[in-house]
>>> print(open('upload34.pdb').read())   # PDB, C-alpha atoms, pLDDT in the B column
MODEL        1
ATOM      1  CA  PHE A   1     110.333 123.553 113.490  1.00 49.00           C
ATOM      2  CA  ASP A   2     107.969 123.570 116.423  1.00 53.00           C
ATOM      3  CA  ALA A   3     108.977 121.916 119.642  1.00 56.00           C
ATOM      4  CA  GLY A   4     106.561 119.069 118.920  1.00 57.00           C
ATOM      5  CA  LEU A   5     107.590 118.514 115.288  1.00 61.00           C
ATOM      6  CA  SER A   6     110.642 116.355 114.791  1.00 81.00           C
ATOM      7  CA  THR A   7     110.038 114.680 111.417  1.00 86.00           C
ATOM      8  CA  TYR A   8     108.121 115.247 108.220  1.00 86.00           C
ATOM      9  CA  SER A   9     107.874 113.801 104.732  1.00 92.00           C
ATOM     10  CA  GLN A  10     106.530 115.399 101.597  1.00 94.00           C
ATOM     11  CA  ASP A  11     106.371 115.004  97.839  1.00 94.00           C
ATOM     12  CA  TYR A  12     106.730 118.103  95.726  1.00 94.00           C
ATOM     13  CA  ARG A  13     107.664 119.277  92.252  1.00 95.00           C
ATOM     14  CA  ALA A  14     110.731 121.312  91.425  1.00 94.00           C
ATOM     15  CA  VAL A  15     112.599 122.463  88.345  1.00 94.00           C
ATOM     16  CA  ASP A  16     116.083 120.971  87.914  1.00 90.00           C
ATOM     17  CA  LYS A  17     119.135 122.851  86.577  1.00 93.00           C
ATOM     18  CA  HIS A  18     118.176 121.855  83.011  1.00 93.00           C
ATOM     19  CA  GLY A  19     114.694 123.355  83.355  1.00 93.00           C
ATOM     20  CA  GLN A  20     112.983 119.961  83.633  1.00 93.00           C
ATOM     21  CA  LEU A  21     110.111 119.516  86.066  1.00 93.00           C
ATOM     22  CA  ARG A  22     110.895 116.743  88.560  1.00 95.00           C
ATOM     23  CA  TRP A  23     109.057 115.068  91.424  1.00 95.00           C
ATOM     24  CA  LEU A  24     110.999 114.913  94.674  1.00 94.00           C
ATOM     25  CA  HIS A  25     110.352 113.160  97.973  1.00 95.00           C
ATOM     26  CA  GLU A  26     111.836 114.665 101.079  1.00 95.00           C
ATOM     27  CA  ASP A  27     112.254 113.107 104.527  1.00 93.00           C
ATOM     28  CA  VAL A  28     113.453 115.468 107.241  1.00 91.00           C
ATOM     29  CA  TYR A  29     114.410 114.672 110.810  1.00 90.00           C
ATOM     30  CA  ALA A  30     115.101 117.402 113.332  1.00 88.00           C
ATOM     31  CA  GLU A  31     116.465 117.053 116.850  1.00 85.00           C
ATOM     32  CA  PRO A  32     116.842 119.840 119.408  1.00 84.00           C
ATOM     33  CA  VAL A  33     120.448 120.272 120.572  1.00 82.00           C
ATOM     34  CA  GLY A  34     119.837 122.942 123.207  1.00 83.00           C
ATOM     35  CA  ASP A  35     119.812 126.748 123.367  1.00 86.00           C
ATOM     36  CA  GLY A  36     116.912 126.761 120.875  1.00 82.00           C
ATOM     37  CA  ARG A  37     119.057 125.209 118.170  1.00 86.00           C
ATOM     38  CA  TRP A  38     118.227 122.109 116.108  1.00 83.00           C
ATOM     39  CA  THR A  39     120.177 119.562 114.135  1.00 87.00           C
ATOM     40  CA  VAL A  40     118.349 118.886 110.900  1.00 87.00           C
ATOM     41  CA  VAL A  41     118.983 115.935 108.596  1.00 89.00           C
ATOM     42  CA  GLY A  42     117.161 115.682 105.300  1.00 92.00           C
ATOM     43  CA  VAL A  43     117.150 113.217 102.450  1.00 93.00           C
ATOM     44  CA  THR A  44     115.693 114.166  99.095  1.00 93.00           C
ATOM     45  CA  THR A  45     115.014 111.509  96.467  1.00 94.00           C
ATOM     46  CA  ASN A  46     114.086 111.994  92.826  1.00 94.00           C
ATOM     47  CA  ILE A  47     110.798 110.088  92.412  1.00 95.00           C
ATOM     48  CA  THR A  48     109.947 111.410  88.938  1.00 93.00           C
ATOM     49  CA  GLU A  49     109.934 107.952  87.302  1.00 94.00           C
ATOM     50  CA  ARG A  50     107.666 106.525  90.003  1.00 94.00           C
ATOM     51  CA  LYS A  51     105.233 109.454  89.753  1.00 94.00           C
ATOM     52  CA  GLU A  52     105.169 109.210  85.948  1.00 92.00           C
ATOM     53  CA  ALA A  53     104.522 105.454  86.167  1.00 92.00           C
ATOM     54  CA  GLU A  54     101.697 106.061  88.663  1.00 93.00           C
ATOM     55  CA  GLU A  55     100.176 108.633  86.309  1.00 92.00           C
ATOM     56  CA  GLU A  56     100.426 106.215  83.373  1.00 92.00           C
ATOM     57  CA  VAL A  57      98.638 103.532  85.412  1.00 91.00           C
ATOM     58  CA  ARG A  58      95.928 106.044  86.353  1.00 92.00           C
ATOM     59  CA  ARG A  59      95.463 107.053  82.686  1.00 92.00           C
ATOM     60  CA  SER A  60      95.385 103.411  81.610  1.00 90.00           C
ATOM     61  CA  GLU A  61      92.797 102.539  84.263  1.00 89.00           C
ATOM     62  CA  GLU A  62      90.685 105.535  83.247  1.00 91.00           C
ATOM     63  CA  HIS A  63      90.951 104.526  79.580  1.00 88.00           C
ATOM     64  CA  PHE A  64      89.859 100.953  80.383  1.00 84.00           C
ATOM     65  CA  ARG A  65      87.016 102.202  82.575  1.00 86.00           C
ATOM     66  CA  ARG A  66      85.711 104.432  79.759  1.00 89.00           C
ATOM     67  CA  ILE A  67      85.843 101.561  77.255  1.00 85.00           C
ATOM     68  CA  PHE A  68      84.155  99.260  79.758  1.00 86.00           C
ATOM     69  CA  GLU A  69      81.432 101.721  80.789  1.00 89.00           C
ATOM     70  CA  ASP A  70      80.695 103.441  77.479  1.00 87.00           C
ATOM     71  CA  GLY A  71      81.298 100.648  74.972  1.00 86.00           C
ATOM     72  CA  PRO A  72      78.581  99.338  72.661  1.00 91.00           C
ATOM     73  CA  LEU A  73      78.898  95.754  73.946  1.00 96.00           C
ATOM     74  CA  GLY A  74      77.548  94.404  77.188  1.00 97.00           C
ATOM     75  CA  MET A  75      80.521  93.659  79.442  1.00 97.00           C
ATOM     76  CA  THR A  76      81.024  91.826  82.696  1.00 96.00           C
ATOM     77  CA  ILE A  77      83.864  90.766  84.931  1.00 96.00           C
ATOM     78  CA  VAL A  78      83.323  87.361  86.518  1.00 95.00           C
ATOM     79  CA  GLY A  79      85.117  85.869  89.498  1.00 93.00           C
ATOM     80  CA  ALA A  80      86.125  82.248  90.029  1.00 89.00           C
ATOM     81  CA  ASP A  81      82.774  81.792  91.807  1.00 92.00           C
ATOM     82  CA  LEU A  82      81.065  82.652  88.459  1.00 93.00           C
ATOM     83  CA  GLU A  83      79.428  85.724  90.005  1.00 95.00           C
ATOM     84  CA  MET A  84      79.535  89.079  88.259  1.00 97.00           C
ATOM     85  CA  SER A  85      81.800  91.454  90.135  1.00 96.00           C
ATOM     86  CA  ASP A  86      81.369  94.283  87.631  1.00 96.00           C
ATOM     87  CA  VAL A  87      78.999  95.006  84.753  1.00 97.00           C
ATOM     88  CA  ASN A  88      78.515  97.907  82.410  1.00 96.00           C
ATOM     89  CA  GLU A  89      75.301  99.803  81.762  1.00 95.00           C
ATOM     90  CA  THR A  90      74.976  98.305  78.282  1.00 96.00           C
ATOM     91  CA  LEU A  91      74.651  94.792  79.702  1.00 97.00           C
ATOM     92  CA  CYS A  92      72.234  96.038  82.356  1.00 97.00           C
ATOM     93  CA  ARG A  93      70.003  97.588  79.680  1.00 96.00           C
ATOM     94  CA  MET A  94      70.231  94.465  77.524  1.00 97.00           C
ATOM     95  CA  LEU A  95      69.047  92.222  80.367  1.00 98.00           C
ATOM     96  CA  GLY A  96      66.728  94.671  82.143  1.00 98.00           C
ATOM     97  CA  TYR A  97      68.541  94.739  85.497  1.00 97.00           C
ATOM     98  CA  THR A  98      70.039  97.575  87.471  1.00 97.00           C
ATOM     99  CA  ARG A  99      73.752  97.430  88.096  1.00 96.00           C
ATOM    100  CA  GLU A 100      73.118  96.745  91.783  1.00 96.00           C
ATOM    101  CA  GLU A 101      70.867  93.798  90.917  1.00 96.00           C
ATOM    102  CA  MET A 102      73.471  92.261  88.625  1.00 96.00           C
ATOM    103  CA  LEU A 103      76.462  92.569  90.938  1.00 96.00           C
ATOM    104  CA  GLY A 104      76.911  89.255  92.705  1.00 88.00           C
ATOM    105  CA  LEU A 105      74.439  87.538  90.381  1.00 95.00           C
ATOM    106  CA  SER A 106      75.700  84.270  88.922  1.00 95.00           C
ATOM    107  CA  ILE A 107      76.266  83.966  85.199  1.00 96.00           C
ATOM    108  CA  GLU A 108      74.157  80.821  85.401  1.00 96.00           C
ATOM    109  CA  ALA A 109      71.193  82.872  86.651  1.00 96.00           C
ATOM    110  CA  VAL A 110      71.046  84.824  83.371  1.00 97.00           C
ATOM    111  CA  THR A 111      71.967  81.945  81.035  1.00 97.00           C
ATOM    112  CA  HIS A 112      69.333  79.741  79.408  1.00 97.00           C
ATOM    113  CA  PRO A 113      69.654  76.221  80.890  1.00 97.00           C
ATOM    114  CA  ASP A 114      70.190  74.688  77.441  1.00 97.00           C
ATOM    115  CA  ASN A 115      73.306  76.868  76.953  1.00 97.00           C
ATOM    116  CA  TRP A 116      74.819  76.609  80.417  1.00 97.00           C
ATOM    117  CA  ALA A 117      76.949  73.472  79.933  1.00 96.00           C
ATOM    118  CA  THR A 118      78.639  74.815  76.803  1.00 96.00           C
ATOM    119  CA  ASP A 119      79.291  78.219  78.381  1.00 95.00           C
ATOM    120  CA  LEU A 120      80.670  76.621  81.549  1.00 95.00           C
ATOM    121  CA  ASP A 121      82.914  74.215  79.613  1.00 96.00           C
ATOM    122  CA  GLN A 122      84.323  76.900  77.312  1.00 95.00           C
ATOM    123  CA  GLY A 123      84.856  79.311  80.206  1.00 94.00           C
ATOM    124  CA  ALA A 124      86.699  76.645  82.210  1.00 94.00           C
ATOM    125  CA  GLN A 125      89.018  75.967  79.269  1.00 94.00           C
ATOM    126  CA  VAL A 126      89.866  79.668  79.037  1.00 94.00           C
ATOM    127  CA  MET A 127      90.502  79.941  82.777  1.00 92.00           C
ATOM    128  CA  ARG A 128      92.820  76.892  82.644  1.00 91.00           C
ATOM    129  CA  GLY A 129      94.721  78.485  79.769  1.00 90.00           C
ATOM    130  CA  GLU A 130      93.833  75.725  77.310  1.00 93.00           C
ATOM    131  CA  ILE A 131      92.354  78.249  74.847  1.00 94.00           C
ATOM    132  CA  PRO A 132      92.920  82.019  74.782  1.00 93.00           C
ATOM    133  CA  THR A 133      89.280  83.046  74.202  1.00 96.00           C
ATOM    134  CA  TYR A 134      85.961  81.566  73.228  1.00 97.00           C
ATOM    135  CA  SER A 135      82.963  82.841  71.358  1.00 97.00           C
ATOM    136  CA  ILE A 136      79.507  81.282  71.445  1.00 97.00           C
ATOM    137  CA  GLU A 137      75.984  82.235  70.585  1.00 97.00           C
ATOM    138  CA  LYS A 138      73.766  81.726  73.600  1.00 97.00           C
ATOM    139  CA  ARG A 139      70.454  82.711  75.067  1.00 98.00           C
ATOM    140  CA  TYR A 140      70.242  85.020  78.041  1.00 98.00           C
ATOM    141  CA  ILE A 141      67.242  85.212  80.328  1.00 98.00           C
ATOM    142  CA  LYS A 142      66.238  88.813  80.894  1.00 98.00           C
ATOM    143  CA  LYS A 143      64.842  89.989  84.227  1.00 97.00           C
ATOM    144  CA  ASN A 144      61.290  89.974  82.786  1.00 97.00           C
ATOM    145  CA  GLY A 145      61.748  86.379  81.532  1.00 97.00           C
ATOM    146  CA  ASP A 146      62.192  87.261  77.862  1.00 98.00           C
ATOM    147  CA  ILE A 147      65.041  85.716  75.885  1.00 98.00           C
ATOM    148  CA  LEU A 148      67.924  87.701  74.428  1.00 98.00           C
ATOM    149  CA  TRP A 149      70.209  85.997  71.926  1.00 98.00           C
ATOM    150  CA  GLY A 150      73.786  87.105  72.410  1.00 98.00           C
ATOM    151  CA  ARG A 151      77.199  86.449  70.963  1.00 98.00           C
ATOM    152  CA  LEU A 152      79.476  86.033  73.969  1.00 98.00           C
ATOM    153  CA  THR A 153      83.227  86.384  73.704  1.00 97.00           C
ATOM    154  CA  GLY A 154      84.986  85.302  76.875  1.00 97.00           C
ATOM    155  CA  ALA A 155      88.582  85.698  77.970  1.00 96.00           C
ATOM    156  CA  ALA A 156      90.605  85.429  81.159  1.00 95.00           C
ATOM    157  CA  VAL A 157      92.892  87.951  82.778  1.00 93.00           C
ATOM    158  CA  HIS A 158      95.959  86.356  84.342  1.00 91.00           C
ATOM    159  CA  ASP A 159      98.499  87.546  86.879  1.00 91.00           C
ATOM    160  CA  ALA A 160     102.237  87.812  86.148  1.00 90.00           C
ATOM    161  CA  ASP A 161     102.678  84.098  86.939  1.00 90.00           C
ATOM    162  CA  GLY A 162      99.900  83.046  84.559  1.00 87.00           C
ATOM    163  CA  ALA A 163      97.306  82.242  87.221  1.00 90.00           C
ATOM    164  CA  PRO A 164      93.768  83.338  86.275  1.00 92.00           C
ATOM    165  CA  LEU A 165      92.481  86.365  88.158  1.00 94.00           C
ATOM    166  CA  TYR A 166      89.022  86.736  86.608  1.00 95.00           C
ATOM    167  CA  GLY A 167      87.060  86.303  83.423  1.00 95.00           C
ATOM    168  CA  VAL A 168      85.842  89.020  81.094  1.00 96.00           C
ATOM    169  CA  GLY A 169      82.719  88.585  78.993  1.00 96.00           C
ATOM    170  CA  MET A 170      81.634  90.770  76.082  1.00 97.00           C
ATOM    171  CA  VAL A 171      78.091  90.325  74.788  1.00 98.00           C
ATOM    172  CA  GLU A 172      76.648  91.496  71.496  1.00 97.00           C
ATOM    173  CA  ASP A 173      72.849  91.427  71.156  1.00 97.00           C
ATOM    174  CA  ILE A 174      72.066  89.303  68.072  1.00 97.00           C
ATOM    175  CA  THR A 175      68.389  88.750  68.828  1.00 95.00           C
ATOM    176  CA  GLU A 176      67.229  90.298  65.546  1.00 92.00           C
TER     177      GLU A 176
ENDMDL
END
>>> encode(input="upload34.pdb", output="C-alpha coordinates")
Amino acid sequence: FDAGLSTYSQDYRAVDKHGQLRWLHEDVYAEPVGDGRWTVVGVTTNITERKEAEEEVRRSEEHFRRIFEDGPLGMTIVGADLEMSDVNETLCRMLGYTREEMLGLSIEAVTHPDNWATDLDQGAQVMRGEIPTYSIEKRYIKKNGDILWGRLTGAAVHDADGAPLYGVGMVEDITE
(Lines of atoms letter the chains of each structure in order from A and count residues from 1; the text may use other names and numbers.)
(Lines give C-alpha, C1' and ligand atoms only; values in the text may rest on other atoms or scores of the structure.)
Protein backbone atom coordinates (compact mmCIF):
# COMPACT_ATOMS: atom_id res chain seq x y z
CA PHE A 1 0.00 0.00 0.00
CA ASP A 2 1.10 3.53 -0.73
CA ALA A 3 0.78 6.17 1.92
CA GLY A 4 -2.14 7.70 0.02
CA LEU A 5 -4.01 4.43 -0.63
CA SER A 6 -6.19 3.23 2.20
CA THR A 7 -9.01 1.34 0.45
CA TYR A 8 -9.68 -0.48 -2.77
CA SER A 9 -12.33 -2.71 -4.30
CA GLN A 10 -12.02 -5.10 -7.20
CA ASP A 11 -13.79 -7.94 -8.97
CA TYR A 12 -11.71 -10.83 -10.20
CA ARG A 13 -11.92 -14.47 -11.18
CA ALA A 14 -10.33 -17.31 -9.26
CA VAL A 15 -10.40 -21.09 -9.25
CA ASP A 16 -11.94 -22.67 -6.13
CA LYS A 17 -10.68 -25.85 -4.43
CA HIS A 18 -12.94 -27.94 -6.70
CA GLY A 19 -11.44 -26.44 -9.86
CA GLN A 20 -14.49 -24.28 -10.59
CA LEU A 21 -14.00 -20.75 -11.90
CA ARG A 22 -15.63 -18.22 -9.57
CA TRP A 23 -16.12 -14.46 -9.56
CA LEU A 24 -15.05 -12.74 -6.36
CA HIS A 25 -15.44 -9.19 -5.10
CA GLU A 26 -12.88 -7.89 -2.67
CA ASP A 27 -13.03 -4.80 -0.45
CA VAL A 28 -9.82 -3.96 1.38
CA TYR A 29 -9.22 -1.29 3.99
CA ALA A 30 -5.75 -0.48 5.23
CA GLU A 31 -4.75 1.81 8.08
CA PRO A 32 -1.21 2.79 9.05
CA VAL A 33 -0.36 1.82 12.64
CA GLY A 34 3.10 3.39 12.81
CA ASP A 35 6.69 2.29 12.15
CA GLY A 36 5.76 1.70 8.49
CA ARG A 37 3.32 -1.04 9.42
CA TRP A 38 -0.33 -1.29 8.33
CA THR A 39 -3.43 -3.02 9.61
CA VAL A 40 -5.27 -4.52 6.67
CA VAL A 41 -8.87 -5.74 6.73
CA GLY A 42 -10.34 -7.42 3.69
CA VAL A 43 -13.69 -8.92 2.85
CA THR A 44 -14.07 -11.23 -0.12
CA THR A 45 -17.52 -12.16 -1.42
CA ASN A 46 -18.43 -14.80 -3.97
CA ILE A 47 -20.37 -12.91 -6.66
CA THR A 48 -20.44 -15.72 -9.23
CA GLU A 49 -24.26 -15.92 -9.34
CA ARG A 50 -24.58 -12.16 -9.82
CA LYS A 51 -21.97 -12.12 -12.60
CA GLU A 52 -23.62 -15.08 -14.34
CA ALA A 53 -27.02 -13.37 -14.11
CA GLU A 54 -25.54 -10.16 -15.55
CA GLU A 55 -24.03 -12.15 -18.42
CA GLU A 56 -27.38 -13.86 -19.09
CA VAL A 57 -29.11 -10.47 -19.22
CA ARG A 58 -26.43 -9.19 -21.62
CA ARG A 59 -26.87 -12.25 -23.88
CA SER A 60 -30.65 -11.90 -23.75
CA GLU A 61 -30.48 -8.20 -24.64
CA GLU A 62 -28.09 -8.96 -27.50
CA HIS A 63 -30.39 -11.73 -28.75
CA PHE A 64 -33.41 -9.38 -28.67
CA ARG A 65 -31.44 -6.62 -30.38
CA ARG A 66 -30.43 -8.98 -33.21
CA ILE A 67 -34.03 -10.14 -33.70
CA PHE A 68 -35.23 -6.54 -33.60
CA GLU A 69 -32.57 -5.17 -35.97
CA ASP A 70 -32.22 -8.04 -38.43
CA GLY A 71 -35.74 -9.45 -38.53
CA PRO A 72 -37.83 -9.56 -41.70
CA LEU A 73 -40.68 -7.52 -40.17
CA GLY A 74 -40.72 -3.80 -39.62
CA MET A 75 -40.56 -3.19 -35.87
CA THR A 76 -41.04 -0.22 -33.61
CA ILE A 77 -41.18 0.54 -29.92
CA VAL A 78 -43.74 3.19 -29.04
CA GLY A 79 -44.01 5.20 -25.84
CA ALA A 80 -47.16 6.31 -24.05
CA ASP A 81 -46.93 9.54 -26.07
CA LEU A 82 -47.39 7.40 -29.24
CA GLU A 83 -43.97 8.46 -30.54
CA MET A 84 -41.51 5.90 -31.87
CA SER A 85 -38.60 5.54 -29.48
CA ASP A 86 -36.91 2.81 -31.52
CA VAL A 87 -37.33 1.41 -35.03
CA ASN A 88 -35.51 -1.19 -37.06
CA GLU A 89 -34.01 -0.75 -40.51
CA THR A 90 -36.70 -2.91 -42.09
CA LEU A 91 -39.43 -0.47 -41.07
CA CYS A 92 -37.29 2.46 -42.21
CA ARG A 93 -36.86 0.89 -45.65
CA MET A 94 -40.56 0.05 -45.85
CA LEU A 95 -41.58 3.66 -45.18
CA GLY A 96 -38.66 5.44 -46.84
CA TYR A 97 -37.33 7.24 -43.75
CA THR A 98 -33.96 7.18 -42.08
CA ARG A 99 -33.85 5.91 -38.53
CA GLU A 100 -33.11 9.42 -37.28
CA GLU A 101 -36.17 10.78 -39.09
CA MET A 102 -38.44 8.15 -37.58
CA LEU A 103 -37.28 8.45 -33.98
CA GLY A 104 -39.70 10.73 -32.16
CA LEU A 105 -42.16 10.62 -35.05
CA SER A 106 -45.74 9.88 -34.01
CA ILE A 107 -47.41 6.69 -35.15
CA GLU A 108 -50.26 8.91 -36.31
CA ALA A 109 -47.90 10.71 -38.71
CA VAL A 110 -47.31 7.50 -40.69
CA THR A 111 -50.85 6.09 -40.41
CA HIS A 112 -53.52 6.79 -43.03
CA PRO A 113 -56.23 8.97 -41.43
CA ASP A 114 -58.94 6.41 -42.24
CA ASN A 115 -57.09 3.78 -40.15
CA TRP A 116 -56.03 5.92 -37.21
CA ALA A 117 -59.11 5.50 -34.99
CA THR A 118 -59.03 1.71 -35.19
CA ASP A 119 -55.28 1.56 -34.54
CA LEU A 120 -55.57 3.96 -31.61
CA ASP A 121 -58.52 2.07 -30.08
CA GLN A 122 -56.88 -1.35 -30.40
CA GLY A 123 -53.56 -0.05 -29.07
CA ALA A 124 -55.28 1.52 -26.06
CA GLN A 125 -57.00 -1.77 -25.25
CA VAL A 126 -53.65 -3.58 -25.30
CA MET A 127 -52.00 -0.95 -23.10
CA ARG A 128 -54.87 -1.21 -20.58
CA GLY A 129 -54.46 -4.99 -20.52
CA GLU A 130 -57.94 -5.64 -21.90
CA ILE A 131 -56.53 -7.73 -24.78
CA PRO A 132 -53.05 -9.28 -25.02
CA THR A 133 -52.33 -8.29 -28.64
CA TYR A 134 -54.08 -6.97 -31.70
CA SER A 135 -53.60 -7.42 -35.40
CA ILE A 136 -55.03 -5.15 -38.08
CA GLU A 137 -54.48 -4.42 -41.72
CA LYS A 138 -53.83 -0.73 -42.18
CA ARG A 139 -52.38 1.76 -44.59
CA TYR A 140 -49.13 3.52 -43.85
CA ILE A 141 -48.11 6.78 -45.46
CA LYS A 142 -44.56 6.57 -46.75
CA LYS A 143 -42.23 9.57 -46.67
CA ASN A 144 -42.79 10.15 -50.41
CA GLY A 145 -46.59 10.08 -49.91
CA ASP A 146 -47.14 6.61 -51.36
CA ILE A 147 -49.31 4.11 -49.49
CA LEU A 148 -48.00 0.87 -48.01
CA TRP A 149 -50.51 -1.72 -46.84
CA GLY A 150 -49.29 -3.45 -43.71
CA ARG A 151 -50.43 -6.08 -41.27
CA LEU A 152 -49.68 -4.63 -37.84
CA THR A 153 -49.44 -6.80 -34.76
CA GLY A 154 -49.25 -4.75 -31.59
CA ALA A 155 -48.46 -5.76 -28.03
CA ALA A 156 -47.51 -4.09 -24.77
CA VAL A 157 -44.56 -4.72 -22.51
CA HIS A 158 -45.45 -4.45 -18.83
CA ASP A 159 -43.38 -4.03 -15.69
CA ALA A 160 -43.40 -6.54 -12.82
CA ASP A 161 -46.55 -4.92 -11.38
CA GLY A 162 -48.42 -5.14 -14.69
CA ALA A 163 -48.18 -1.45 -15.59
CA PRO A 164 -47.53 -0.83 -19.30
CA LEU A 165 -44.02 0.34 -20.13
CA TYR A 166 -44.27 0.67 -23.92
CA GLY A 167 -45.87 -0.80 -26.99
CA VAL A 168 -44.22 -2.97 -29.62
CA GLY A 169 -45.42 -2.99 -33.21
CA MET A 170 -44.49 -5.52 -35.89
CA VAL A 171 -45.40 -4.68 -39.48
CA GLU A 172 -45.55 -7.01 -42.45
CA ASP A 173 -45.75 -5.40 -45.90
CA ILE A 174 -48.88 -6.82 -47.59
CA THR A 175 -49.12 -4.22 -50.34
CA GLU A 176 -48.92 -6.81 -53.14
>>> resolve_selection(input="upload34.pdb", expression="the PyMOL selection byres ((chain A and resi 46) around 9)", output="PDB file with C-alpha atoms, in the frame of the given file")
ATOM      1  CA  ARG A  22     110.895 116.743  88.560  1.00 95.00           C
ATOM      2  CA  TRP A  23     109.057 115.068  91.424  1.00 95.00           C
ATOM      3  CA  LEU A  24     110.999 114.913  94.674  1.00 94.00           C
ATOM      4  CA  HIS A  25     110.352 113.160  97.973  1.00 95.00           C
ATOM      5  CA  GLU A  26     111.836 114.665 101.079  1.00 95.00           C
ATOM      6  CA  THR A  44     115.693 114.166  99.095  1.00 93.00           C
ATOM      7  CA  THR A  45     115.014 111.509  96.467  1.00 94.00           C
ATOM      8  CA  ILE A  47     110.798 110.088  92.412  1.00 95.00           C
ATOM      9  CA  THR A  48     109.947 111.410  88.938  1.00 93.00           C
ATOM     10  CA  GLU A  49     109.934 107.952  87.302  1.00 94.00           C
ATOM     11  CA  ARG A  50     107.666 106.525  90.003  1.00 94.00           C
TER      12      ARG A  50
END
>>> atom_distance(input="upload34.pdb", atom1="atom CA of Asp146 of chain A", atom2="atom CA of Tyr134 of chain A")
24.9 Å
>>> atom_distance(input="upload34.pdb", atom1="atom CA of Thr118 of chain A", atom2="atom CA of Glu69 of chain A")
27.3 Å
>>> atom_distance(input="upload34.pdb", atom1="atom CA of Glu83 of chain A", atom2="atom CA of Ser106 of chain A")
4.1 Å
>>> resolve_selection(input="upload34.pdb", expression="the PyMOL selection byres ((chain A and resi 164-171) around 6)", output="MDAnalysis selection string")
chainID A and resid 73:79 127 150:158 163 172
>>> closest_residue(input="upload34.pdb", among="A:Glu100, A:Glu52, A:Asp27, A:Asp121", to="Ser6 of chain A", atoms="all atoms listed in the file")
A:Asp27
>>> closest_residue(input="upload34.pdb", among="A:Ser9, A:Thr133, A:Thr175, A:Asn144", to="Val43 of chain A", atoms="all atoms listed in the file")
A:Ser9
>>> residues_around(input="upload34.pdb", residues="His112 of chain A", least_positions_apart="4", cutoff="9 Å", atoms="all atoms listed in the file", output="count of residues only")
7
>>> residues_near_point(input="upload34.pdb", point="(63.2, 90.4, 84.1)", cutoff="12 Å", atoms="all atoms listed in the file", output="number ranges by chain")
A: 92-98, 101-102, 109-110, 140-148
>>> closest_residue(input="upload34.pdb", among="A:Tyr29, A:Ser135, A:Glu56, A:Gly104", to="Gly123 of chain A", atoms="only C-alpha atoms")
A:Ser135
>>> closest_residue(input="upload34.pdb", among="A:Trp149, A:Trp38, A:Glu137, A:Glu89", to="Arg66 of chain A", atoms="only C-alpha atoms")
A:Glu89
>>> closest_residue(input="upload34.pdb", among="A:Ala124, A:Val41, A:Ile67, A:Leu105", to="Thr7 of chain A", atoms="all atoms listed in the file")
A:Val41
